[in-house]
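Chemist: This is the structure, below, for whatever I ask next.
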Amino acid sequence: MATLKKAHQELYRRSPDETFSTLPDLISHCVQQKEQSNDLWKPPAQIVPDLSDGQFGLKLADDGAYHLNDWSFTQLCGLARVNKETVNRLSPETISRVFRETLPTGNKPLQLLASRNTVRSIHGVTYTRLWNADLLSVAHEFAGDFTPPQTADGGGTGLYAGEQDMFVFLIDPSGWTEINGQAFAPGCFLWNSEVGRRSVGVSTFWFQRICANHIVWDATEVVEFSRKHTANVHEALVEIRRTLERLVSSRDARRDGFARVMRKAMQERLGSDADEVLEVLGKSGVGRRLARQALDIAQEQGAFTIFSVVDALTRLAGSLPFAGERLQAEVKAASLLELVA
């Protein structure tokens, strides 16, 4: 089994303004961000370093002056092949002069993503954008009953979107089922960047426990898919849709199968009388004293069904003083369900 730390790593690098309480809140934010953003294709000659109110920015031909955020400034430094830390030590006038002399020239246009009067990102012609809102639309359609996990220490929710990227951690708290005799629930991670900070991708899994710092423990059936933001990046949505569909289908099949076992266990008797039930429990390794206590409880429910006996044994196991004894009793009780599996 695997220990998954993606959500844990995101938890400790996100500020409160990047954290969202609910999935609808995050979707609304991403839709609004998409609606307020525009792609501006400009040849290098029309991208002019500019000073406005003493601050460095860019003038984009007829589109006017734009500010830069930290990410787009980082990309601009990369295009000009200048060291960002060094440039940040210069005056705005000197910064403007540096970029006038170092930005690339030529005829190939650059793709600038602008929101209002701020440039969010700068890319060449090979970059293809995938909107966070489009990815979340797929998640909402095919995993709409999934929710964020419990709030982590420090207030992290597993739902994050910032200047550079987005990350989503979702689980199905009602999807618990048995895999090889152990309880698991389904979950997934989704990530993307509209500005080229990271790939787009999905990871689905079945887990046993999530701790307070969003580490996922004892994960199984981990499936991961990711793609870079190149020409065919929108095809990633098809694969992400399939991956989520497989997870949900597996959950439904397992949950339905477990429900069938429970229904059958509620109907089938473990024995016709107390002596016969005691014999079955003895063969399953249940001690005679514990077995008699379980029968007393089961008899109050009116019949010695497999479910009533398992339920009684599980309740008694919870009262045992030692963890090892409790675990052993719970395993023996659960093994009785194999009689109707």
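Following the order of the structure tokens, first chain is A, next is B, and so on, with residues numbered from 1 inside each chain and ligands from 1 in the order they appear.
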Report as a list in words all protein, DNA and RNA residues lying within 7 Å of Ala61 in chain A, evaluated on only C-alpha atoms, omitting residues in the same chain fewer than 3 positions from it.
Modeler: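 Near neighbours after the sequence-gap exclusion: Gln46, Ile47 and Gly64 of chain A.
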Chemist: Neighbouring residues of range 211-223 of chain A were defined as those with any atom within 8 Å, considering only C-alpha atoms; residues of the same chain fewer than 6 positions away were excluded. Please report them as a compact mmCIF listing (two decimals) with N, CA and C atoms, in the first residue's frame.
Modeler:
```txt
# COMPACT_ATOMS: atom_id res chain seq x y z
N MET A 1 0.84 -1.20 0.00
CA MET A 1 0.00 0.00 0.00
C MET A 1 0.87 1.25 0.00
N ALA A 2 0.33 2.34 -0.53
CA ALA A 2 1.11 3.56 -0.70
C ALA A 2 0.70 4.63 0.30
N THR A 3 1.63 5.53 0.59
CA THR A 3 1.36 6.73 1.37
C THR A 3 1.43 7.92 0.41
N LEU A 4 0.33 8.66 0.27
CA LEU A 4 0.24 9.73 -0.71
C LEU A 4 0.39 11.08 -0.01
N LYS A 5 1.33 11.91 -0.50
CA LYS A 5 1.65 13.17 0.18
C LYS A 5 1.39 14.41 -0.66
N LYS A 6 0.75 14.25 -1.81
CA LYS A 6 0.48 15.41 -2.66
C LYS A 6 -0.34 16.48 -1.92
N ALA A 7 -1.42 16.07 -1.27
CA ALA A 7 -2.27 17.03 -0.57
C ALA A 7 -1.55 17.63 0.63
N HIS A 8 -0.71 16.85 1.28
CA HIS A 8 0.08 17.34 2.41
C HIS A 8 1.05 18.43 1.95
N LEU A 11 -0.86 21.60 1.23
CA LEU A 11 -1.36 22.22 2.46
C LEU A 11 -0.39 23.26 3.00
N GLN A 150 -11.70 16.15 5.72
CA GLN A 150 -11.80 16.99 6.92
C GLN A 150 -10.80 18.14 6.84
N THR A 151 -11.16 19.28 7.42
CA THR A 151 -10.26 20.42 7.42
C THR A 151 -8.98 20.07 8.17
N ALA A 152 -7.85 20.41 7.56
CA ALA A 152 -6.56 20.04 8.12
C ALA A 152 -6.11 21.03 9.19
N ASP A 153 -5.06 20.67 9.91
CA ASP A 153 -4.45 21.60 10.85
C ASP A 153 -4.04 22.87 10.11
N GLY A 158 -7.99 21.38 1.21
CA GLY A 158 -7.77 20.51 0.05
C GLY A 158 -8.25 21.14 -1.24
N SER A 203 -5.21 11.91 -10.12
CA SER A 203 -4.78 10.70 -9.44
C SER A 203 -5.97 10.16 -8.66
N THR A 204 -6.35 8.91 -8.91
CA THR A 204 -7.46 8.30 -8.17
C THR A 204 -6.89 7.16 -7.31
N PHE A 205 -7.59 6.86 -6.22
CA PHE A 205 -7.08 5.87 -5.28
C PHE A 205 -8.19 5.45 -4.33
N THR A 243 -10.94 8.28 -16.25
CA THR A 243 -10.34 7.87 -14.99
C THR A 243 -11.31 8.05 -13.83
```
Chemist: Using only C-alpha atoms, which residues of range 111-146 of chain A come within 8 Å of range 183-194 of chain A, and what is the closest atom pair for each, with the distance in Å to one decimal? Give it as a tab-separated table, sorted by chain and residue number.
Modeler:
```
residue	atom	partner	partner_atom	distance
A:Arg129	CA	A:Glu194	CA	5.8
A:Leu130	CA	A:Glu194	CA	6.0
A:Trp131	CA	A:Glu194	CA	5.6
A:Asn132	CA	A:Asn192	CA	6.4
A:Leu135	CA	A:Asn192	CA	8.0
A:Phe146	CA	A:Gly187	CA	7.8
```
Chemist: Select, from A:Asp25, A:Glu268, A:Asp275, A:Asp70, the residue with the minimum atom-to-atom distance to Ala133 in chain A, counting only C-alpha atoms.
Modeler: A:Asp25
Chemist: Env of Phe73 in chain A: 12 Å cut, atoms = only C-alpha atoms, seq-sep filter 6 positions within chain, self excluded. Answer as a PyMOL selection string.
Modeler: chain A and resi 49+56-58+66-67+79-85+87-88+95+99+112+118-123
Chemist: Rank nothing, just name the residue among A:Leu247, A:Ala265, A:Val309, A:Leu23 nearest to Pro148 in chain A, using only C-alpha atoms.
Modeler: A:Leu23
Chemist: Which of range 71-192 of chain A end up as alpha helix (DSSP H) when DSSP is run on this backbone - answer as a ChimeraX atom specification?
Modeler: /A:71-80,84-87,92-102,132-142
Chemist: Keeping only N, CA and C atoms, write those residues as a JSON list (two decimals), in the first residue's frame.
Modeler:
```json
[["chain", "number", "residue", "atom", "x", "y", "z"],
["A", 71, "TRP", "N", 4.54, 35.73, -11.17],
["A", 71, "TRP", "CA", 4.76, 34.65, -12.12],
["A", 71, "TRP", "C", 5.07, 35.17, -13.52],
["A", 72, "SER", "N", 4.31, 36.13, -14.00],
["A", 72, "SER", "CA", 4.57, 36.65, -15.34],
["A", 72, "SER", "C", 5.90, 37.39, -15.39],
["A", 73, "PHE", "N", 6.30, 38.03, -14.29],
["A", 73, "PHE", "CA", 7.62, 38.67, -14.25],
["A", 73, "PHE", "C", 8.72, 37.60, -14.32],
["A", 74, "THR", "N", 8.51, 36.47, -13.64],
["A", 74, "THR", "CA", 9.46, 35.36, -13.72],
["A", 74, "THR", "C", 9.59, 34.87, -15.16],
["A", 75, "GLN", "N", 8.46, 34.72, -15.84],
["A", 75, "GLN", "CA", 8.49, 34.27, -17.24],
["A", 75, "GLN", "C", 9.19, 35.30, -18.14],
["A", 76, "LEU", "N", 8.94, 36.57, -17.88],
["A", 76, "LEU", "CA", 9.59, 37.62, -18.67],
["A", 76, "LEU", "C", 11.11, 37.56, -18.50],
["A", 77, "CYS", "N", 11.55, 37.33, -17.29],
["A", 77, "CYS", "CA", 13.00, 37.19, -17.06],
["A", 77, "CYS", "C", 13.55, 35.99, -17.81],
["A", 78, "GLY", "N", 12.76, 34.90, -17.85],
["A", 78, "GLY", "CA", 13.19, 33.73, -18.60],
["A", 78, "GLY", "C", 13.31, 34.01, -20.09],
["A", 79, "LEU", "N", 12.34, 34.75, -20.64],
["A", 79, "LEU", "CA", 12.40, 35.10, -22.06],
["A", 79, "LEU", "C", 13.61, 35.97, -22.37],
["A", 80, "ALA", "N", 13.92, 36.90, -21.45],
["A", 80, "ALA", "CA", 15.05, 37.80, -21.66],
["A", 80, "ALA", "C", 16.39, 37.19, -21.25],
["A", 84, "LYS", "N", 16.38, 36.81, -12.33],
["A", 84, "LYS", "CA", 15.30, 37.52, -11.67],
["A", 84, "LYS", "C", 15.76, 38.19, -10.38],
["A", 85, "GLU", "N", 16.56, 37.48, -9.57],
["A", 85, "GLU", "CA", 17.02, 38.04, -8.30],
["A", 85, "GLU", "C", 17.86, 39.29, -8.52],
["A", 86, "THR", "N", 18.67, 39.27, -9.58],
["A", 86, "THR", "CA", 19.49, 40.45, -9.88],
["A", 86, "THR", "C", 18.63, 41.61, -10.34],
["A", 87, "VAL", "N", 17.67, 41.33, -11.22],
["A", 87, "VAL", "CA", 16.80, 42.38, -11.75],
["A", 87, "VAL", "C", 16.00, 43.03, -10.63],
["A", 92, "PRO", "N", 13.30, 50.73, -11.02],
["A", 92, "PRO", "CA", 12.37, 50.52, -12.14],
["A", 92, "PRO", "C", 12.91, 51.05, -13.47],
["A", 93, "GLU", "N", 13.59, 52.18, -13.46],
["A", 93, "GLU", "CA", 14.13, 52.75, -14.70],
["A", 93, "GLU", "C", 15.19, 51.82, -15.30],
["A", 94, "THR", "N", 16.05, 51.28, -14.44],
["A", 94, "THR", "CA", 17.10, 50.37, -14.93],
["A", 94, "THR", "C", 16.50, 49.05, -15.41],
["A", 95, "ILE", "N", 15.47, 48.56, -14.68],
["A", 95, "ILE", "CA", 14.79, 47.33, -15.11],
["A", 95, "ILE", "C", 14.22, 47.50, -16.51],
["A", 96, "SER", "N", 13.58, 48.64, -16.74],
["A", 96, "SER", "CA", 13.00, 48.90, -18.06],
["A", 96, "SER", "C", 14.07, 48.89, -19.13],
["A", 97, "ARG", "N", 15.22, 49.50, -18.82],
["A", 97, "ARG", "CA", 16.32, 49.55, -19.80],
["A", 97, "ARG", "C", 16.87, 48.15, -20.06],
["A", 98, "VAL", "N", 16.99, 47.33, -19.00],
["A", 98, "VAL", "CA", 17.50, 45.97, -19.15],
["A", 98, "VAL", "C", 16.63, 45.16, -20.11],
["A", 99, "PHE", "N", 15.33, 45.24, -19.94],
["A", 99, "PHE", "CA", 14.44, 44.44, -20.79],
["A", 99, "PHE", "C", 14.37, 44.99, -22.21],
["A", 100, "ARG", "N", 14.52, 46.28, -22.37],
["A", 100, "ARG", "CA", 14.54, 46.84, -23.73],
["A", 100, "ARG", "C", 15.71, 46.27, -24.53],
["A", 101, "GLU", "N", 16.77, 45.97, -23.83],
["A", 101, "GLU", "CA", 17.98, 45.48, -24.51],
["A", 101, "GLU", "C", 18.06, 43.96, -24.59],
["A", 102, "THR", "N", 17.25, 43.24, -23.80],
["A", 102, "THR", "CA", 17.42, 41.78, -23.73],
["A", 102, "THR", "C", 16.22, 40.96, -24.21],
["A", 132, "ASN", "N", -8.86, 26.06, -15.66],
["A", 132, "ASN", "CA", -9.23, 25.36, -14.43],
["A", 132, "ASN", "C", -10.73, 25.07, -14.40],
["A", 133, "ALA", "N", -11.53, 26.03, -14.87],
["A", 133, "ALA", "CA", -12.98, 25.87, -14.86],
["A", 133, "ALA", "C", -13.42, 24.67, -15.70],
["A", 134, "ASP", "N", -12.74, 24.41, -16.81],
["A", 134, "ASP", "CA", -13.09, 23.27, -17.66],
["A", 134, "ASP", "C", -12.76, 21.95, -16.97],
["A", 135, "LEU", "N", -11.64, 21.90, -16.28],
["A", 135, "LEU", "CA", -11.28, 20.69, -15.54],
["A", 135, "LEU", "C", -12.26, 20.45, -14.40],
["A", 136, "LEU", "N", -12.63, 21.50, -13.68],
["A", 136, "LEU", "CA", -13.56, 21.35, -12.57],
["A", 136, "LEU", "C", -14.95, 20.95, -13.06],
["A", 137, "SER", "N", -15.31, 21.36, -14.26],
["A", 137, "SER", "CA", -16.59, 20.97, -14.83],
["A", 137, "SER", "C", -16.66, 19.45, -15.00],
["A", 138, "VAL", "N", -15.56, 18.86, -15.46],
["A", 138, "VAL", "CA", -15.50, 17.40, -15.60],
["A", 138, "VAL", "C", -15.59, 16.73, -14.24],
["A", 139, "ALA", "N", -14.86, 17.26, -13.26],
["A", 139, "ALA", "CA", -14.89, 16.68, -11.92],
["A", 139, "ALA", "C", -16.29, 16.76, -11.31],
["A", 140, "HIS", "N", -16.94, 17.89, -11.50],
["A", 140, "HIS", "CA", -18.28, 18.07, -10.93],
["A", 140, "HIS", "C", -19.29, 17.14, -11.61],
["A", 141, "GLU", "N", -19.10, 16.88, -12.89],
["A", 141, "GLU", "CA", -20.03, 16.02, -13.63],
["A", 141, "GLU", "C", -19.87, 14.56, -13.26],
["A", 142, "PHE", "N", -18.63, 14.10, -13.10],
["A", 142, "PHE", "CA", -18.41, 12.66, -12.93],
["A", 142, "PHE", "C", -18.07, 12.25, -11.50]]
```
Chemist: Between CA of Thr105 in chain A and CA of Leu60 in chain A, what distance in Å does the model show, to one decimal?
Modeler: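 Distance reported for this atom pair: 14.6 Å.
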Chemist: Using only C-alpha atoms, find the one residue out of A:Ala329, A:Val31, A:Leu316, A:Leu26 that sits nearest to Gly285 in chain A.
Modeler: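 Checking each candidate against Gly285 in chain A, we get A:Ala329 as the closest.
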Chemist: If you run DSSP on the backbone, which residues of range 46-267 of chain A are strand (DSSP E or B), as an MDAnalysis selection string?
Modeler: chainID A and resid 47:52 55:60 65:68 110:115 118:123 147 159:161 166:171 177:179 182:192 200:207 209:210 216:227
Chemist: Using only C-alpha atoms, pick whichever of A:Gln267, A:Ser284, A:Gln328, A:Gln293 has the shortest atom-to-atom distance to Thr305 in chain A.
Modeler: A:Gln267
Chemist: If you measure from CA of Gly155 in chain A to CA of Asn69 in chain A, what distance in Å do you get, rounded to one decimal?
Modeler: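 Interatomic distance, CA of Gly155 in chain A to CA of Asn69 in chain A: 25.9 Å.
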Chemist: Given only C-alpha atoms as the basis, pick out the residue of A:Pro109, A:Met266, A:Pro149, A:Ser250 nearest to Ile210 in chain A.
Modeler: A:Pro149
Chemist: In Å, rounded to a single decimal, give me how far CA of Gln33 in chain A is from CA of Phe20 in chain A.
Modeler: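 Going from CA of Phe20 in chain A over to CA of Gln33 in chain A covers 14.5 Å.
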Chemist: Can you tell me which residues surround Thr147 in chain A at a distance of at most 9 Å, considering only C-alpha atoms, apart from same-chain residues fewer than 5 positions away, and format the answer as a PyMOL selection string?
Modeler: chain A and resi 22-23+169-173
Chemist: With C-alpha atoms kept, could you save the residues just selected as a PDB file, in the first residue's frame?
Modeler:
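This went into out16.pdb:
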```
ATOM      1  CA  THR A  22     -16.387  24.349  -0.787  1.00  0.00           C
ATOM      2  CA  LEU A  23     -16.084  23.004  -4.309  1.00  0.00           C
ATOM      3  CA  PHE A 169      -8.434  16.894  -3.053  1.00  0.00           C
ATOM      4  CA  LEU A 170     -11.782  15.062  -2.989  1.00  0.00           C
ATOM      5  CA  ILE A 171     -13.110  11.936  -1.289  1.00  0.00           C
ATOM      6  CA  ASP A 172     -16.396  10.059  -1.090  1.00  0.00           C
ATOM      7  CA  PRO A 173     -17.113   9.740   2.649  1.00  0.00           C
TER       8      PRO A 173
END
```
Chemist: Check the smallest atom-to-atom distance from each of A:Ser115, A:Ser21, A:Asn107, A:Gln55 to Asn38 in chain A using only C-alpha atoms, then report the winner.
Modeler: A:Ser115
